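Colleague: Next up is a structure, given as structure tokens.
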Amino acid sequence: MTNKFIHLPPTEGEYQLSHYEGTRDVFSWESVHAQFSWNKTGKVNMAYECIDRHVDDGYGDKTALIYIEGTKREELTFHELKKRTDQLAALLKSRGVKKGDRVFVFLTKHPDCYVAVLASIKIGAIVGPLFEAFMEEAIYDRMYDCEASVLITNSELLERVPVNKLPHLKSIYITDESEDESLLSIPKLTSNDTEIADVIEWVDLNDGMIIHYTSGSTGKPKGVLHAHRVMVQQYQTGKWVLDLRDDDIYWCTAHPGWVTGSSYGIFAPWLNRATIVVHGGRFAAEEWFDVIEQAGVTVWYSAPTAFRLLMDKTELVKNYNLSSLRHILSVGEPLNPEVITWGVETLNLRIHDTWWMTETGGQLIVNLPSQTIKPGSMGRPLPGIQAAIIDHQGNELKRGELGLLAIKKGWPSMMKEIWKNEEKYHSYFIHDWYLSGDLAYMDEEGYVFFQGRDDDMINSSGERIGPFEVESKLIEHPAVLEAAVIGKPDPVRGEIVKAFIVLVGGYTDNPKLKKEIQTFVRYKLSAHSMPREIEVLDELPKTQISGKILRRELKRKEIEKLVVN
Ligand code: PRX
């Protein structure tokens, strides 16, 4: 297979990281350990390495976070961040929250969310950040499965949490105030507050730290648990891939409820002492360009759907000064070559694709700044990462052959476990290989080209959606007898969720009913899981023997229709 797009070598002025290329064969992850204090003390805590350490090293006055939402703007220094996380950590600890407890954080993209995540980690708890757009059942599934005992939220979002159905939930902390005396308000920090000592719970590298629920093609979302050791990879990729330096203003657009928003929205930048930008609110092209200009963003990590939406508003670019931008990265879904061309033509910068997954905790296949970009490829495995294309028996395939993208076990940010589901965890491996579920091929130079999924998982706007979860919700609607859900190719979102349904006798296909079914999924589950298209069928295609619904058949037909049109 050949790539018809022009290769883009590093541009002049782009940081030459070519010495990293030289380390490819000799690099070991152990060599990174020397960067951390636990290398000497044996005691570890991610929150210490992200915040307190910088204060100890004399960077307390450095801006850690710039928050922008509409006309609101707030800044926090590393010292303020330390005080706020210490205070909340002490409060949680004083009320008996301890190492290993599951603390869920349900907040919008706001400094409170970042403080809550790190305060929970500080006391050794396992934090479960929830995406701000989740609705009742998505929240319930995750908190129930994880037996969460603590929730940190605000009084508005709390309305979506089915607290009475969560038997393990013992206490709820809110960042604002409420009349309800059963809720614990987190006090605001004042300048009179003194330093709190010894609040950190020192743990082992392999102790659990953060859990993200993620969808597959079957069953409910699974809890992917990561340990404190992820810091080794997140620190190093923050240097190599994000190319973070001390004066950087870094903006990762993902919410901490998704792995990109935690691994690269919190940990990687703060392990590298960068200033992060937190933008509250929804996507709007004008606002996004304004954030870059206002905050002086230098390094920007986002997703192809967002770039495509911005591409649609190219005429706005001239109204903003975006000259602070130095390095742009992308993740989550295929980065189409047109977007890379747009970046070069409009922003005069190459967009660097990165590939990884919730389960992998950190980037694995990337375009380093020093590397030639081959549009259409996700890049090459990092030094220290061995990737291969294998068949279902675990045999390595030749260069250029299409197969399963697999990674040799043993990188530091690999998930620790799937929460209470050992069988699922083991299903990811064949021999020494971790199976991503992605289909790809690799060229002679080791560049990997993503070709799709090997299963029915849907990727819409970079968000992973399990068809089963949506189908289960659809059949709860009284009008729906059966449902099959697929990802339909879409020029902006990569894929959209499309549902095929069979109606219960007595109901007839009409736009009002479809709208009602959409709203049902949207408000029960979440907006991004809502089928943007619904088609009513008389029956669904099924296997003859087991009667299993053939989603692939529906998808094949859908793609055929697109090609014909
Ligand atoms: O199919 C791949 C796709 O997103 C999946 C992982 O999704 P998630 O766990 O939600 O993590 C997203 C962010 C780390 C992968 O199995 N994916 C991720 N990055 C890329 C991608 N597909 C194509 N190109 C990418 N760069």
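Naming works like this for the structure tokens: A, B, ... for the chains as they're shown, residue 1 at the start of each chain, ligands 1 onward in shown order.
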Which residues, written as a PDB file with C-alpha atoms, in the first residue's frame, have at least one atom at most 8 Å from His352 in chain A, with only C-alpha atoms counted and residues fewer than 2 positions away on the same chain left out?

Modeller:
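And here's selection29.pdb as it stands now:
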ATOM      1  CA  ILE A 328      -0.152  21.246  17.614  1.00  0.00           C
ATOM      2  CA  LEU A 329      -1.173  17.660  18.346  1.00  0.00           C
ATOM      3  CA  SER A 330      -4.187  15.500  17.680  1.00  0.00           C
ATOM      4  CA  ARG A 350       2.087  20.710  11.108  1.00  0.00           C
ATOM      5  CA  THR A 354      -0.757  10.623  18.318  1.00  0.00           C
ATOM      6  CA  VAL A 366       3.282   9.341  17.605  1.00  0.00           C
ATOM      7  CA  ASN A 367       4.746  11.949  15.341  1.00  0.00           C
ATOM      8  CA  LEU A 368       7.644  13.419  17.270  1.00  0.00           C
ATOM      9  CA  PRO A 369       8.376  17.044  16.416  1.00  0.00           C
ATOM     10  CA  ILE A 373       4.922  13.404   8.955  1.00  0.00           C
TER      11      ILE A 373
END

Colleague: Which residues are near ligand 1 - at most 7 Å, using only C-alpha atoms and all ligand atoms? Format: as JSON, numbers by chain.

Modeller: {"A": [214, 259, 260, 330, 331, 332, 333, 334, 335, 353, 354, 355, 356, 357, 358, 359, 378, 436, 437, 438, 450, 452, 453, 459, 462, 463, 464]}

Colleague: With a distance cut-off of 7 Å and only C-alpha atoms, select the neighbouring residues of Val127 in chain A, excluding the residue or stretch itself and same-chain residues fewer than 2 positions from it, and output the selection as a ChimeraX atom specification.

Modeller: /A:102-104,117,120-121,125,129,209-211

Colleague: Write the residues of the selection above to a file with N, CA and C atoms, as a PDB file, in the first residue's frame.

Modeller:
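After the write, part-v7.pdb holds the following:
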ATOM      1  N   ARG A 102     -12.941   4.831  46.515  1.00  0.00           N
ATOM      2  CA  ARG A 102     -13.238   5.431  45.219  1.00  0.00           C
ATOM      3  C   ARG A 102     -13.978   6.755  45.407  1.00  0.00           C
ATOM      4  N   VAL A 103     -13.298   7.813  44.963  1.00  0.00           N
ATOM      5  CA  VAL A 103     -13.874   9.155  45.049  1.00  0.00           C
ATOM      6  C   VAL A 103     -14.219   9.600  43.632  1.00  0.00           C
ATOM      7  N   PHE A 104     -15.493   9.860  43.372  1.00  0.00           N
ATOM      8  CA  PHE A 104     -15.873  10.303  42.030  1.00  0.00           C
ATOM      9  C   PHE A 104     -15.989  11.817  41.989  1.00  0.00           C
ATOM     10  N   VAL A 117      -9.629  16.359  41.656  1.00  0.00           N
ATOM     11  CA  VAL A 117      -8.950  15.144  41.169  1.00  0.00           C
ATOM     12  C   VAL A 117      -7.622  14.961  41.906  1.00  0.00           C
ATOM     13  N   SER A 120      -7.919  14.135  45.724  1.00  0.00           N
ATOM     14  CA  SER A 120      -8.277  12.730  45.954  1.00  0.00           C
ATOM     15  C   SER A 120      -7.043  11.844  45.804  1.00  0.00           C
ATOM     16  N   ILE A 121      -6.266  12.146  44.779  1.00  0.00           N
ATOM     17  CA  ILE A 121      -5.044  11.361  44.555  1.00  0.00           C
ATOM     18  C   ILE A 121      -4.055  11.571  45.709  1.00  0.00           C
ATOM     19  N   ALA A 125      -6.553   7.977  47.413  1.00  0.00           N
ATOM     20  CA  ALA A 125      -7.821   7.413  46.928  1.00  0.00           C
ATOM     21  C   ALA A 125      -7.708   7.135  45.431  1.00  0.00           C
ATOM     22  N   PRO A 129     -13.014  10.467  37.593  1.00  0.00           N
ATOM     23  CA  PRO A 129     -13.596  11.696  37.043  1.00  0.00           C
ATOM     24  C   PRO A 129     -14.695  11.356  36.053  1.00  0.00           C
ATOM     25  N   MET A 209      -4.808   4.610  41.104  1.00  0.00           N
ATOM     26  CA  MET A 209      -4.853   6.068  41.211  1.00  0.00           C
ATOM     27  C   MET A 209      -6.075   6.679  40.521  1.00  0.00           C
ATOM     28  N   ILE A 210      -6.362   6.221  39.314  1.00  0.00           N
ATOM     29  CA  ILE A 210      -7.460   6.847  38.562  1.00  0.00           C
ATOM     30  C   ILE A 210      -8.194   5.777  37.765  1.00  0.00           C
ATOM     31  N   ILE A 211      -9.504   5.941  37.669  1.00  0.00           N
ATOM     32  CA  ILE A 211     -10.280   4.969  36.900  1.00  0.00           C
ATOM     33  C   ILE A 211     -11.122   5.713  35.858  1.00  0.00           C
TER      34      ILE A 211
END

Colleague: Show me, as a list in words, the residues that have an atom within 10 Å of Leu439 in chain A when counting only C-alpha atoms, minus same-chain residues fewer than 3 positions from it.

Modeller: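 Once the nearby chain positions are removed, what remains is Ile389, Ile390, Leu402, Gly403, Leu404, Leu405, Ala406, Ser436, Phe449, Phe450, Gln451, Gly452, Arg453, Asp454 and Asp455 of chain A.
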
Colleague: Hey, can you check how far CA of Lys109 in chain A sits from CA of Glu132 in chain A?

Modeller: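 A separation of 7.7 Å between them.
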
Colleague: Report, in Å to a single decimal, how far apart CA of Tyr447 in chain A and CA of Met311 in chain A are.

Modeller: 26.0 Å
